[in-house]
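S.K.: For reference, the file structure-v2.cif (mmCIF, C-alpha atoms) is included below:
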```cif
data_run
loop_
_atom_site.group_PDB
_atom_site.id
_atom_site.type_symbol
_atom_site.label_atom_id
_atom_site.label_comp_id
_atom_site.auth_asym_id
_atom_site.auth_seq_id
_atom_site.Cartn_x
_atom_site.Cartn_y
_atom_site.Cartn_z
ATOM 1 C CA MET A 247 5.194 184.024 313.260
ATOM 2 C CA ARG A 248 1.790 184.715 314.737
ATOM 3 C CA ASN A 249 -1.206 182.928 313.269
ATOM 4 C CA ARG A 250 -2.750 185.926 311.562
ATOM 5 C CA ARG A 251 0.513 187.063 310.077
ATOM 6 C CA PHE A 252 1.344 183.581 308.803
ATOM 7 C CA LEU A 253 -2.074 183.228 307.160
ATOM 8 C CA LEU A 254 -1.859 186.658 305.541
ATOM 9 C CA ALA A 255 1.638 185.937 304.238
ATOM 10 C CA GLY A 256 0.444 182.616 302.798
ATOM 11 C CA LEU A 257 -2.555 184.269 301.173
ATOM 12 C CA LEU A 258 -0.328 186.954 299.668
ATOM 13 C CA VAL A 259 1.908 184.268 298.134
ATOM 14 C CA ALA A 260 -1.145 182.471 296.691
ATOM 15 C CA LEU A 261 -2.508 185.724 295.236
ATOM 16 C CA LEU A 262 0.863 186.602 293.699
ATOM 17 C CA VAL A 263 1.281 183.129 292.217
ATOM 18 C CA ALA A 264 -2.233 183.128 290.719
ATOM 19 C CA GLY A 265 -2.445 186.808 289.870
ATOM 20 C CA VAL A 266 1.052 187.494 288.558
ATOM 21 C CA GLY A 267 3.061 184.275 288.277
ATOM 22 C CA SER A 268 0.449 182.454 286.206
ATOM 23 C CA TYR A 269 1.212 184.740 283.237
ATOM 24 C CA TYR A 270 4.615 183.104 282.984
ATOM 25 C CA ALA A 271 3.310 179.526 283.165
ATOM 26 C CA SER A 272 3.986 177.156 280.290
ATOM 27 C CA SER A 273 1.210 177.169 277.716
ATOM 28 C CA HIS A 274 2.066 173.687 276.490
ATOM 29 C CA PRO A 275 -0.660 171.044 276.907
ATOM 30 C CA ASP A 276 -0.483 169.208 280.218
ATOM 31 C CA GLY A 277 0.437 165.535 280.504
ATOM 32 C CA LEU A 278 -3.079 164.193 279.921
ATOM 33 C CA GLU A 279 -3.826 166.553 276.997
ATOM 34 C CA TYR A 280 -0.504 165.704 275.414
ATOM 35 C CA VAL A 281 -1.007 161.954 275.755
ATOM 36 C CA ALA A 282 -4.566 162.300 274.415
ATOM 37 C CA GLY A 283 -3.188 164.094 271.367
ATOM 38 C CA LYS A 284 -0.337 161.642 270.807
ATOM 39 C CA THR A 285 -2.341 158.460 271.204
ATOM 40 C CA GLY A 286 -5.359 159.872 269.399
ATOM 41 C CA PHE A 287 -8.237 160.346 271.810
ATOM 42 C CA SER A 288 -8.202 164.115 272.226
ATOM 43 C CA ASP A 289 -11.092 164.453 269.771
ATOM 44 C CA SER A 290 -13.345 162.597 272.191
ATOM 45 C CA ALA A 291 -13.254 165.627 274.524
ATOM 46 C CA LYS A 292 -16.399 167.730 274.478
ATOM 47 C CA ASP A 293 -16.374 171.490 274.878
ATOM 48 C CA PRO A 294 -16.916 172.456 278.487
ATOM 49 C CA VAL A 295 -20.419 173.454 279.525
ATOM 50 C CA ASP A 296 -20.831 177.233 279.657
ATOM 51 C CA THR A 297 -21.696 177.903 283.287
ATOM 52 C CA GLY A 298 -21.959 181.615 282.607
ATOM 53 C CA SER A 299 -18.785 182.284 284.579
ATOM 54 C CA PRO A 300 -16.785 185.280 283.334
ATOM 55 C CA PHE A 301 -13.530 183.423 284.105
ATOM 56 C CA ALA A 302 -13.700 180.518 281.634
ATOM 57 C CA ASP A 303 -10.239 179.253 280.649
ATOM 58 C CA TYR A 304 -8.607 181.426 283.309
ATOM 59 C CA GLY A 305 -9.378 184.670 281.475
ATOM 60 C CA THR A 306 -11.723 187.492 282.357
ATOM 61 C CA LYS A 307 -14.540 188.262 279.965
ATOM 62 C CA GLY A 308 -14.317 191.782 278.597
ATOM 63 C CA VAL A 309 -10.689 192.349 279.619
ATOM 64 C CA ASP A 310 -8.457 192.424 276.539
ATOM 65 C CA ASP A 311 -5.069 192.793 278.166
ATOM 66 C CA GLU A 312 -3.849 189.221 278.497
ATOM 67 C CA ARG A 313 -1.839 189.773 281.646
ATOM 68 C CA LEU A 314 -4.688 191.581 283.410
ATOM 69 C CA SER A 315 -7.348 189.147 282.171
ATOM 70 C CA GLY A 316 -5.494 186.107 283.498
ATOM 71 C CA GLY A 317 -4.457 187.905 286.665
ATOM 72 C CA ILE A 318 -8.013 188.868 287.594
ATOM 73 C CA ALA A 319 -9.220 185.312 286.934
ATOM 74 C CA GLY A 320 -6.405 183.926 289.094
ATOM 75 C CA VAL A 321 -7.154 186.271 291.981
ATOM 76 C CA ALA A 322 -10.877 185.518 291.667
ATOM 77 C CA GLY A 323 -10.169 181.772 291.716
ATOM 78 C CA VAL A 324 -8.015 182.055 294.836
ATOM 79 C CA GLY A 325 -10.723 184.168 296.470
ATOM 80 C CA LEU A 326 -13.511 181.746 295.566
ATOM 81 C CA THR A 327 -11.492 178.745 296.755
ATOM 82 C CA LEU A 328 -10.640 180.468 300.014
ATOM 83 C CA LEU A 329 -14.264 181.464 300.534
ATOM 84 C CA ILE A 330 -15.748 178.029 299.807
ATOM 85 C CA GLY A 331 -12.932 176.019 301.400
ATOM 86 C CA GLY A 332 -12.437 178.314 304.374
ATOM 87 C CA GLY A 333 -16.181 178.475 304.984
ATOM 88 C CA LEU A 334 -16.534 174.704 304.803
ATOM 89 C CA PHE A 335 -13.624 174.064 307.172
ATOM 90 C CA TRP A 336 -14.799 176.710 309.617
ATOM 91 C CA VAL A 337 -18.212 175.035 309.785
ATOM 92 C CA LEU A 338 -16.686 171.548 310.131
ATOM 93 C CA ARG A 339 -14.166 172.393 312.848
ATOM 94 C CA ARG A 340 -14.405 171.240 316.465
ATOM 95 C CA ARG A 341 -15.503 174.305 318.356
ATOM 96 C CA GLY A 342 -13.823 176.139 321.119
ATOM 97 C CA GLN A 343 -10.772 173.946 321.516
ATOM 98 C CA GLN A 344 -7.467 175.640 321.952
ATOM 99 C CA GLU A 345 -5.002 172.829 321.662
ATOM 100 C CA MET B 96 -4.672 166.092 284.695
ATOM 101 C CA HIS B 97 -8.144 167.591 284.487
ATOM 102 C CA VAL B 98 -10.351 165.180 282.566
ATOM 103 C CA PRO B 99 -12.733 167.006 280.207
ATOM 104 C CA ASP B 100 -16.284 165.891 279.397
ATOM 105 C CA GLY B 101 -16.386 163.140 276.802
ATOM 106 C CA PHE B 102 -13.197 161.150 277.483
ATOM 107 C CA LEU B 103 -15.119 158.613 279.556
ATOM 108 C CA ASP B 104 -18.571 157.227 278.834
ATOM 109 C CA ALA B 105 -21.628 157.955 280.966
ATOM 110 C CA PRO B 106 -21.662 154.755 283.080
ATOM 111 C CA THR B 107 -18.002 155.226 284.026
ATOM 112 C CA SER B 108 -18.574 158.882 284.852
ATOM 113 C CA VAL B 109 -21.579 157.955 287.018
ATOM 114 C CA ALA B 110 -19.479 155.308 288.780
ATOM 115 C CA THR B 111 -16.635 157.718 289.520
ATOM 116 C CA GLY B 112 -19.269 160.224 290.633
ATOM 117 C CA VAL B 113 -20.531 157.706 293.186
ATOM 118 C CA VAL B 114 -16.971 156.957 294.350
ATOM 119 C CA ALA B 115 -16.218 160.670 294.658
ATOM 120 C CA ALA B 116 -19.458 161.381 296.547
ATOM 121 C CA ALA B 117 -18.767 158.522 298.953
ATOM 122 C CA GLY B 118 -15.177 159.646 299.457
ATOM 123 C CA VAL B 119 -16.143 163.267 300.053
ATOM 124 C CA GLY B 120 -18.948 162.137 302.377
ATOM 125 C CA ILE B 121 -16.527 160.148 304.534
ATOM 126 C CA ALA B 122 -13.988 162.972 304.400
ATOM 127 C CA LEU B 123 -16.611 165.463 305.618
ATOM 128 C CA ARG B 124 -17.061 163.364 308.740
ATOM 129 C CA ARG B 125 -13.432 162.411 309.337
ATOM 130 C CA ALA B 126 -12.032 165.902 308.660
ATOM 131 C CA ARG B 127 -13.667 167.156 311.863
ATOM 132 C CA ALA B 128 -10.982 165.413 313.881
ATOM 133 C CA GLU B 129 -8.302 167.295 311.938
ATOM 134 C CA LEU B 130 -9.912 170.722 312.142
ATOM 135 C CA ASP B 131 -10.013 173.109 315.082
ATOM 136 C CA ASP B 132 -9.945 176.874 315.535
ATOM 137 C CA ARG B 133 -6.276 176.961 314.591
ATOM 138 C CA THR B 134 -6.142 174.534 311.665
ATOM 139 C CA ALA B 135 -9.425 175.426 309.917
ATOM 140 C CA PRO B 136 -8.110 178.755 308.545
ATOM 141 C CA MET B 137 -4.877 176.982 307.575
ATOM 142 C CA ALA B 138 -6.930 174.431 305.587
ATOM 143 C CA GLY B 139 -8.719 177.239 303.733
ATOM 144 C CA LEU B 140 -5.345 178.739 302.898
ATOM 145 C CA VAL B 141 -4.022 175.379 301.678
ATOM 146 C CA ALA B 142 -6.983 175.022 299.297
ATOM 147 C CA ALA B 143 -6.403 178.555 297.952
ATOM 148 C CA PHE B 144 -2.685 177.852 297.597
ATOM 149 C CA VAL B 145 -3.300 174.624 295.676
ATOM 150 C CA PHE B 146 -5.613 176.512 293.325
ATOM 151 C CA ALA B 147 -2.834 179.038 292.697
ATOM 152 C CA GLY B 148 -0.189 176.328 292.331
ATOM 153 C CA GLN B 149 -2.277 174.456 289.773
ATOM 154 C CA MET B 150 -2.171 177.545 287.528
ATOM 155 C CA ILE B 151 1.588 177.265 287.163
ATOM 156 C CA ASN B 152 2.293 174.829 284.371
ATOM 157 C CA PHE B 153 5.961 173.960 284.170
ATOM 158 C CA PRO B 154 7.480 172.579 280.960
ATOM 159 C CA VAL B 155 8.554 168.929 281.116
ATOM 160 C CA GLY B 156 9.918 168.583 277.581
ATOM 161 C CA ALA B 157 8.666 167.681 274.100
ATOM 162 C CA GLY B 158 6.008 170.389 274.187
ATOM 163 C CA THR B 159 4.373 169.009 277.314
ATOM 164 C CA SER B 160 3.781 170.643 280.665
ATOM 165 C CA GLY B 161 2.667 169.636 284.110
ATOM 166 C CA HIS B 162 1.371 171.403 287.159
ATOM 167 C CA LEU B 163 1.056 170.751 290.848
ATOM 168 C CA LEU B 164 -1.789 168.415 291.776
ATOM 169 C CA GLY B 165 -1.325 169.234 295.437
ATOM 170 C CA GLY B 166 -2.771 166.065 296.963
ATOM 171 C CA ALA B 167 0.294 165.031 298.941
ATOM 172 C CA LEU B 168 0.998 168.658 299.856
ATOM 173 C CA ALA B 169 -2.486 169.216 301.265
ATOM 174 C CA ALA B 170 -2.517 165.867 303.087
ATOM 175 C CA VAL B 171 0.809 166.544 304.803
ATOM 176 C CA LEU B 172 -0.100 170.116 305.754
ATOM 177 C CA VAL B 173 -3.679 169.659 307.007
ATOM 178 C CA GLY B 174 -4.321 165.899 307.155
ATOM 179 C CA PRO B 175 -5.565 163.478 304.498
ATOM 180 C CA TRP B 176 -9.331 163.906 305.022
ATOM 181 C CA THR B 177 -9.150 167.679 305.062
ATOM 182 C CA GLY B 178 -6.662 167.455 302.184
ATOM 183 C CA ALA B 179 -9.147 165.476 300.094
ATOM 184 C CA LEU B 180 -11.725 168.202 300.757
ATOM 185 C CA CYS B 181 -9.200 170.928 299.821
ATOM 186 C CA ILE B 182 -8.549 169.333 296.415
ATOM 187 C CA SER B 183 -12.275 168.707 295.883
ATOM 188 C CA VAL B 184 -13.056 172.381 296.527
ATOM 189 C CA VAL B 185 -10.297 173.402 294.082
ATOM 190 C CA LEU B 186 -11.735 171.077 291.418
ATOM 191 C CA LEU B 187 -15.239 172.385 292.049
ATOM 192 C CA VAL B 188 -14.122 175.999 291.603
ATOM 193 C CA GLN B 189 -12.152 175.077 288.468
ATOM 194 C CA GLY B 190 -15.060 173.173 286.942
ATOM 195 C CA LEU B 191 -17.739 175.730 287.834
ATOM 196 C CA PHE B 192 -15.864 178.963 287.205
ATOM 197 C CA MET B 193 -12.787 178.278 285.061
ATOM 198 C CA ALA B 194 -14.166 175.707 282.567
ATOM 199 C CA ASP B 195 -11.217 173.510 283.615
ATOM 200 C CA GLY B 196 -12.237 169.859 283.931
ATOM 201 C CA GLY B 197 -15.659 168.785 282.679
ATOM 202 C CA LEU B 198 -18.676 169.013 284.964
ATOM 203 C CA THR B 199 -19.757 165.471 284.101
ATOM 204 C CA ALA B 200 -16.118 164.535 284.791
ATOM 205 C CA LEU B 201 -16.063 166.236 288.211
ATOM 206 C CA GLY B 202 -16.485 162.874 289.937
ATOM 207 C CA THR B 203 -13.650 161.447 287.861
ATOM 208 C CA ASN B 204 -11.380 164.376 288.682
ATOM 209 C CA ILE B 205 -12.206 164.243 292.400
ATOM 210 C CA THR B 206 -11.530 160.504 292.364
ATOM 211 C CA LEU B 207 -8.195 160.901 290.557
ATOM 212 C CA MET B 208 -6.752 163.986 292.211
ATOM 213 C CA GLY B 209 -8.792 164.386 295.397
ATOM 214 C CA LEU B 210 -8.803 160.734 296.482
ATOM 215 C CA VAL B 211 -6.057 158.779 294.656
ATOM 216 C CA GLY B 212 -3.620 161.717 294.615
ATOM 217 C CA VAL B 213 -4.247 162.593 298.262
ATOM 218 C CA PHE B 214 -4.295 159.114 299.784
ATOM 219 C CA VAL B 215 -1.485 157.588 297.732
ATOM 220 C CA GLY B 216 0.550 160.716 298.460
ATOM 221 C CA TYR B 217 -0.225 160.500 302.179
ATOM 222 C CA ALA B 218 0.479 156.753 302.365
ATOM 223 C CA GLY B 219 3.810 157.306 300.608
ATOM 224 C CA PHE B 220 4.577 160.127 303.032
ATOM 225 C CA ARG B 221 3.791 157.966 306.090
ATOM 226 C CA LEU B 222 5.850 155.027 304.788
ATOM 227 C CA VAL B 223 8.904 157.137 304.064
ATOM 228 C CA LEU B 224 8.586 159.066 307.336
ATOM 229 C CA ALA B 225 8.526 155.792 309.255
ATOM 230 C CA VAL B 226 11.967 154.806 307.985
ATOM 231 C CA LEU B 227 13.607 158.241 308.201
ATOM 232 C CA PRO B 228 15.138 159.647 311.418
ATOM 233 C CA ARG B 229 12.495 161.016 313.787
ATOM 234 C CA LYS B 230 13.132 164.717 313.225
ATOM 235 C CA LEU B 231 11.419 167.665 311.604
ATOM 236 C CA GLY B 232 13.862 167.707 308.695
ATOM 237 C CA SER B 233 12.518 164.341 307.544
ATOM 238 C CA VAL B 234 9.022 165.713 306.947
ATOM 239 C CA PRO B 235 9.676 167.655 303.696
ATOM 240 C CA VAL B 236 11.684 164.730 302.277
ATOM 241 C CA ALA B 237 8.897 162.261 303.020
ATOM 242 C CA ALA B 238 6.322 164.716 301.643
ATOM 243 C CA ALA B 239 8.297 165.078 298.410
ATOM 244 C CA LEU B 240 8.536 161.316 297.924
ATOM 245 C CA GLY B 241 4.833 160.892 298.650
ATOM 246 C CA ALA B 242 4.142 163.587 296.057
ATOM 247 C CA LEU B 243 6.417 161.841 293.560
ATOM 248 C CA VAL B 244 4.402 158.599 293.618
ATOM 249 C CA SER B 245 0.996 160.286 293.826
ATOM 250 C CA VAL B 246 1.137 161.674 290.274
ATOM 251 C CA PRO B 247 1.868 158.461 288.321
ATOM 252 C CA ALA B 248 -0.630 156.715 290.628
ATOM 253 C CA ALA B 249 -3.391 159.094 289.550
ATOM 254 C CA ALA B 250 -2.277 158.715 285.914
ATOM 255 C CA THR B 251 -2.493 154.925 286.254
ATOM 256 C CA VAL B 252 -6.001 155.075 287.679
ATOM 257 C CA PHE B 253 -7.030 157.393 284.834
ATOM 258 C CA THR B 254 -5.773 154.791 282.363
ATOM 259 C CA LEU B 255 -7.693 152.092 284.201
ATOM 260 C CA LEU B 256 -10.864 154.166 283.870
ATOM 261 C CA PHE B 257 -10.021 154.781 280.229
ATOM 262 C CA ALA B 258 -9.675 151.036 279.682
ATOM 263 C CA ILE B 259 -13.125 150.513 281.205
ATOM 264 C CA GLY B 260 -15.015 153.442 279.771
ATOM 265 C CA GLY B 261 -12.883 155.356 277.289
ATOM 266 C CA THR B 262 -14.995 156.583 274.371
ATOM 267 C CA ALA B 263 -12.163 156.510 271.819
ATOM 268 C CA ASP B 264 -10.873 153.297 270.290
ATOM 269 C CA VAL B 265 -7.233 153.620 271.263
ATOM 270 C CA SER B 266 -4.691 151.057 272.467
ATOM 271 C CA VAL B 267 -4.820 151.034 276.268
ATOM 272 C CA GLY B 268 -1.219 149.823 276.432
ATOM 273 C CA LYS B 269 -0.027 152.891 274.555
ATOM 274 C CA VAL B 270 -2.085 155.192 276.758
ATOM 275 C CA LEU B 271 -0.736 153.516 279.898
ATOM 276 C CA ALA B 272 2.900 153.778 278.827
ATOM 277 C CA ALA B 273 2.561 157.419 277.793
ATOM 278 C CA MET B 274 0.492 158.444 280.839
ATOM 279 C CA VAL B 275 2.804 156.812 283.369
ATOM 280 C CA GLY B 276 5.972 157.898 281.569
ATOM 281 C CA TRP B 277 5.042 161.554 281.389
ATOM 282 C CA HIS B 278 3.530 161.644 284.851
ATOM 283 C CA VAL B 279 6.660 160.239 286.438
ATOM 284 C CA VAL B 280 8.433 163.304 285.033
ATOM 285 C CA ILE B 281 5.628 165.603 286.197
ATOM 286 C CA GLY B 282 5.825 163.834 289.571
ATOM 287 C CA ILE B 283 9.401 165.077 289.947
ATOM 288 C CA GLY B 284 8.103 168.648 289.640
ATOM 289 C CA GLU B 285 5.337 167.778 292.121
ATOM 290 C CA ALA B 286 7.982 166.441 294.523
ATOM 291 C CA VAL B 287 10.146 169.564 294.256
ATOM 292 C CA VAL B 288 7.251 171.989 294.818
ATOM 293 C CA THR B 289 5.782 169.890 297.649
ATOM 294 C CA GLY B 290 9.144 169.536 299.407
ATOM 295 C CA LEU B 291 9.886 173.264 299.148
ATOM 296 C CA VAL B 292 6.467 174.399 300.354
ATOM 297 C CA VAL B 293 6.401 171.934 303.267
ATOM 298 C CA SER B 294 9.900 172.971 304.359
ATOM 299 C CA ALA B 295 8.925 176.656 304.138
ATOM 300 C CA VAL B 296 5.916 176.081 306.410
ATOM 301 C CA ILE B 297 7.991 173.960 308.788
ATOM 302 C CA ALA B 298 10.597 176.708 308.967
ATOM 303 C CA SER B 299 8.026 179.237 310.152
ATOM 304 C CA ARG B 300 5.170 177.313 311.760
ATOM 305 C CA PRO B 301 5.990 173.610 312.307
ATOM 306 C CA ASP B 302 3.065 173.373 314.753
ATOM 307 C CA LEU B 303 0.637 173.955 311.860
ATOM 308 C CA VAL B 304 1.905 170.988 309.846
ATOM 309 C CA HIS B 305 -0.340 167.961 310.392
ATOM 310 C CA GLY B 306 2.326 165.514 309.184
ATOM 311 C CA ALA B 307 4.835 166.872 311.702
ATOM 312 C CA ARG B 308 2.687 166.141 314.749
ATOM 313 C CA GLY B 309 4.674 164.332 317.368
ATOM 314 C CA LEU B 310 7.912 165.809 316.063
ATOM 315 C CA VAL B 311 7.345 169.391 317.167
ATOM 316 C CA ARG B 312 8.778 170.112 320.583
ATOM 317 C CA ARG B 313 6.589 172.161 322.860
ATOM 318 C CA THR B 314 9.301 174.742 323.434
ATOM 319 C CA SER B 315 7.148 176.759 325.794
ATOM 320 C CA LEU B 316 6.881 173.816 328.168
ATOM 321 C CA ARG B 317 10.400 172.558 327.848
ATOM 322 C CA THR B 318 12.535 175.637 328.166
ATOM 323 C CA GLY B 319 15.821 174.782 329.781
ATOM 324 C CA GLU B 320 15.362 171.101 329.250
ATOM 325 C CA VAL B 321 18.079 169.209 327.428
ATOM 326 C CA THR B 322 16.747 167.671 324.213
ATOM 327 C CA ALA B 323 15.786 164.090 324.807
#
```
Do you think you could lay out the structure here as structure tokens?
M.R.:
Amino acid sequence: MRNRRFLLAGLLVALLVAGVGSYYASSHPDGLEYVAGKTGFSDSAKDPVDTGSPFADYGTKGVDDERLSGGIAGVAGVGLTLLIGGGLFWVLRRRGQQE
Amino acid sequence: MHVPDGFLDAPTSVATGVVAAAGVGIALRRARAELDDRTAPMAGLVAAFVFAGQMINFPVGAGTSGHLLGGALAAVLVGPWTGALCISVVLLVQGLFMADGGLTALGTNITLMGLVGVFVGYAGFRLVLAVLPRKLGSVPVAAALGALVSVPAAATVFTLLFAIGGTADVSVGKVLAAMVGWHVVIGIGEAVVTGLVVSAVIASRPDLVHGARGLVRRTSLRTGEVTA
């Protein structure tokens, strides 16, 4: 597979996983949350700081449909990660070397 | 395993913040050697993929779930220093935009998942790869085993931090047993996902897999040559 095609295919998988697949994820607490609850330190957690992001808790503010709300947040998260990560790695890379 | 604000006291959070900043600072310098025109876009994709993968919680029994941490996966695909940066970017996006993982706990989360998860996972991968036959098929197996140990390792370090600076008065022994026990099970899921993703990439583009360097034959240069 050519580079561009491989990257686009990978991105498509990531978008599908975050945008569609995430709806079917388990809603049970994760390992740390569960252990915190069982052993009795979950109350020491503070509410997260409101950063003003519309995607808090992987939902989209103002979108009522659960599937759509989570899907938009997932796609936005993938996009933001790609933008920040991709930008950082592009700046860091050794220039002009075709290995 | 995203630690929220409040689990750990301020001095411990400051200390993990310093560790995380130092680790990311070193990674920013060392990652250069792993990144070129070809691998930089791949690294961006790996970060985006880990973000997506972390959204998929899988049930592990008794009303508990786990999700991919992605440290071993990222380290094997794009190298440990770049991998540490991938996970750190994911945690930054989650903390800033998704309210997942406290902002005062960002240093703790980067330390646990971006440093411990990545480097324990990568060390495990290298160790296993060294004893397996020198062929491409060994890479996903080694990656899976590295992933398997990375999760309980991060859980153990969390418990250590909790013992030092946990704000709740809870038996550390109980926390340790429960954290390690559950995260061994979650580690099995981590191993399965990591092994499958690494083998999928190796099947299509083995040359893009950092951990497979030295095992990929330069077919274009060796056409007609009998395999050594």
S.K.: Produce a table with one row for each residue of chain B that has an atom at most 6 Å from any atom of chain A, each row naming the nearest atom pair and its distance in Å at one decimal; use all atoms listed in the file; arrange rows by chain and rising residue number; format as a tab-separated table.
M.R.:
```
residue	atom	partner	partner_atom	distance
B:Met96	CA	A:Leu278	CA	5.4
B:Pro99	CA	A:Ala291	CA	5.9
B:Asp100	CA	A:Lys292	CA	5.3
B:Gly101	CA	A:Ala291	CA	4.6
B:Phe102	CA	A:Ala291	CA	5.4
B:Arg127	CA	A:Arg339	CA	5.4
B:Leu130	CA	A:Arg339	CA	4.6
B:Asp131	CA	A:Arg339	CA	4.8
B:Ala135	CA	A:Phe335	CA	5.2
B:Gly139	CA	A:Gly332	CA	3.9
B:Ala143	CA	A:Val324	CA	5.0
B:Phe144	CA	A:Ala260	CA	5.0
B:Ala147	CA	A:Ala264	CA	4.6
B:Met150	CA	A:Ser268	CA	5.7
B:Ile151	CA	A:Ala271	CA	4.9
B:Asn152	CA	A:Ala271	CA	5.0
B:Phe153	CA	A:Ser272	CA	5.4
B:Pro154	CA	A:Ser272	CA	5.8
B:Gly158	CA	A:His274	CA	5.6
B:Thr159	CA	A:His274	CA	5.3
B:Ser160	CA	A:Asp276	CA	4.5
B:Gly161	CA	A:Asp276	CA	5.0
B:Phe192	CA	A:Ser299	CA	5.1
B:Met193	CA	A:Ala302	CA	4.2
B:Ala194	CA	A:Ala302	CA	4.9
B:Gly197	CA	A:Pro294	CA	5.7
B:Ala263	CA	A:Phe287	CA	5.5
```
S.K.: Store the residues picked out above in a file with C-alpha atoms, as an mmCIF file, in the frame of the given file.
M.R.:
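File written: out09.cif
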```cif
data_model
loop_
_atom_site.group_PDB
_atom_site.id
_atom_site.type_symbol
_atom_site.label_atom_id
_atom_site.label_comp_id
_atom_site.auth_asym_id
_atom_site.auth_seq_id
_atom_site.Cartn_x
_atom_site.Cartn_y
_atom_site.Cartn_z
ATOM 1 C CA MET B 96 -4.672 166.092 284.695
ATOM 2 C CA PRO B 99 -12.733 167.006 280.207
ATOM 3 C CA ASP B 100 -16.284 165.891 279.397
ATOM 4 C CA GLY B 101 -16.386 163.140 276.802
ATOM 5 C CA PHE B 102 -13.197 161.150 277.483
ATOM 6 C CA ARG B 127 -13.667 167.156 311.863
ATOM 7 C CA LEU B 130 -9.912 170.722 312.142
ATOM 8 C CA ASP B 131 -10.013 173.109 315.082
ATOM 9 C CA ALA B 135 -9.425 175.426 309.917
ATOM 10 C CA GLY B 139 -8.719 177.239 303.733
ATOM 11 C CA ALA B 143 -6.403 178.555 297.952
ATOM 12 C CA PHE B 144 -2.685 177.852 297.597
ATOM 13 C CA ALA B 147 -2.834 179.038 292.697
ATOM 14 C CA MET B 150 -2.171 177.545 287.528
ATOM 15 C CA ILE B 151 1.588 177.265 287.163
ATOM 16 C CA ASN B 152 2.293 174.829 284.371
ATOM 17 C CA PHE B 153 5.961 173.960 284.170
ATOM 18 C CA PRO B 154 7.480 172.579 280.960
ATOM 19 C CA GLY B 158 6.008 170.389 274.187
ATOM 20 C CA THR B 159 4.373 169.009 277.314
ATOM 21 C CA SER B 160 3.781 170.643 280.665
ATOM 22 C CA GLY B 161 2.667 169.636 284.110
ATOM 23 C CA PHE B 192 -15.864 178.963 287.205
ATOM 24 C CA MET B 193 -12.787 178.278 285.061
ATOM 25 C CA ALA B 194 -14.166 175.707 282.567
ATOM 26 C CA GLY B 197 -15.659 168.785 282.679
ATOM 27 C CA ALA B 263 -12.163 156.510 271.819
#
```
S.K.: For atom CA of Ile182 of chain B and atom CA of Gly165 of chain B, determine how far apart the two atoms are, in Å to one decimal place.
M.R.: 7.3 Å
S.K.: Any idea what the distance is between atom CA of Leu255 of chain B and atom CA of Ala167 of chain B?
M.R.: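 Going from atom CA of Leu255 of chain B over to atom CA of Ala167 of chain B covers 21.2 Å.
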S.K.: Apply the PyMOL selection byres ((chain B and resi 175) around 10) to the structure shown and report the selected residues as an MDAnalysis selection string.
M.R.: chainID B and resid 122 125:126 129 166:174 176:181 209:210 213:218 305:306
S.K.: What residues come out when you apply the PyMOL selection byres ((chain B and resi 278-291) around 9) to this file, written as a PyMOL selection string?
M.R.: (chain A and resi 277-278) or (chain B and resi 148+153-155+160-165+167-168+234-250+273-277+292-296)
S.K.: Would you compute the distance between atom CA of Ala110 of chain B and atom CA of Thr251 of chain B? Give it in Å to one decimal.
M.R.: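 Pair atom CA of Ala110 of chain B / atom CA of Thr251 of chain B returns 17.2 Å.
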S.K.: Any chance you could work out the axis-aligned box around segment 238-243 of chain B, listed atoms only, 5 Å on each side, giving centre and edge lengths in Å to one decimal, as AutoDock Vina command-line options?
M.R.:
```
--center_x 6.3 --center_y 163.0 --center_z 297.6 --size_x 14.4 --size_y 14.2 --size_z 18.1
```
S.K.: Please expand the PyMOL selection byres ((chain B and resi 260) around 8) into the concrete residues it hits in this file, giving the result as a list in words.
M.R.: Leu103, Asp104, Pro106, Thr107, Leu256, Phe257, Ala258, Ile259, Gly261 and Thr262 of chain B
S.K.: Would you kindly return, as a list in words, each protein, DNA or RNA residue with an atom no farther than 7 Å from any atom of Leu207 of chain B, considering all atoms listed in the file and excluding same-chain residues fewer than 4 positions away?
M.R.: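 The filter keeps Thr203, Val211, Gly212, Ala249, Val252 and Phe253 of chain B.
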S.K.: Would you mind completing segment 285-291 of chain A so that it carries N, CA and C atoms, and writing it out as a PDB file, keeping the file's coordinate frame?
M.R.:
```
ATOM      1  N   THR A 285      -1.791 159.795 271.405  1.00  0.00           N
ATOM      2  CA  THR A 285      -2.341 158.460 271.204  1.00  0.00           C
ATOM      3  C   THR A 285      -3.685 158.514 270.476  1.00  0.00           C
ATOM      4  N   GLY A 286      -4.213 159.718 270.284  1.00  0.00           N
ATOM      5  CA  GLY A 286      -5.359 159.872 269.399  1.00  0.00           C
ATOM      6  C   GLY A 286      -6.726 159.803 270.040  1.00  0.00           C
ATOM      7  N   PHE A 287      -6.871 160.284 271.281  1.00  0.00           N
ATOM      8  CA  PHE A 287      -8.237 160.346 271.810  1.00  0.00           C
ATOM      9  C   PHE A 287      -8.644 161.762 272.230  1.00  0.00           C
ATOM     10  N   SER A 288      -7.841 162.751 271.799  1.00  0.00           N
ATOM     11  CA  SER A 288      -8.202 164.115 272.226  1.00  0.00           C
ATOM     12  C   SER A 288      -9.508 164.588 271.595  1.00  0.00           C
ATOM     13  N   ASP A 289      -9.847 164.027 270.421  1.00  0.00           N
ATOM     14  CA  ASP A 289     -11.092 164.453 269.771  1.00  0.00           C
ATOM     15  C   ASP A 289     -12.338 164.009 270.536  1.00  0.00           C
ATOM     16  N   SER A 290     -12.168 163.049 271.452  1.00  0.00           N
ATOM     17  CA  SER A 290     -13.345 162.597 272.191  1.00  0.00           C
ATOM     18  C   SER A 290     -13.744 163.585 273.292  1.00  0.00           C
ATOM     19  N   ALA A 291     -12.900 164.608 273.529  1.00  0.00           N
ATOM     20  CA  ALA A 291     -13.254 165.627 274.524  1.00  0.00           C
ATOM     21  C   ALA A 291     -14.374 166.503 273.991  1.00  0.00           C
TER      22      ALA A 291
END
```
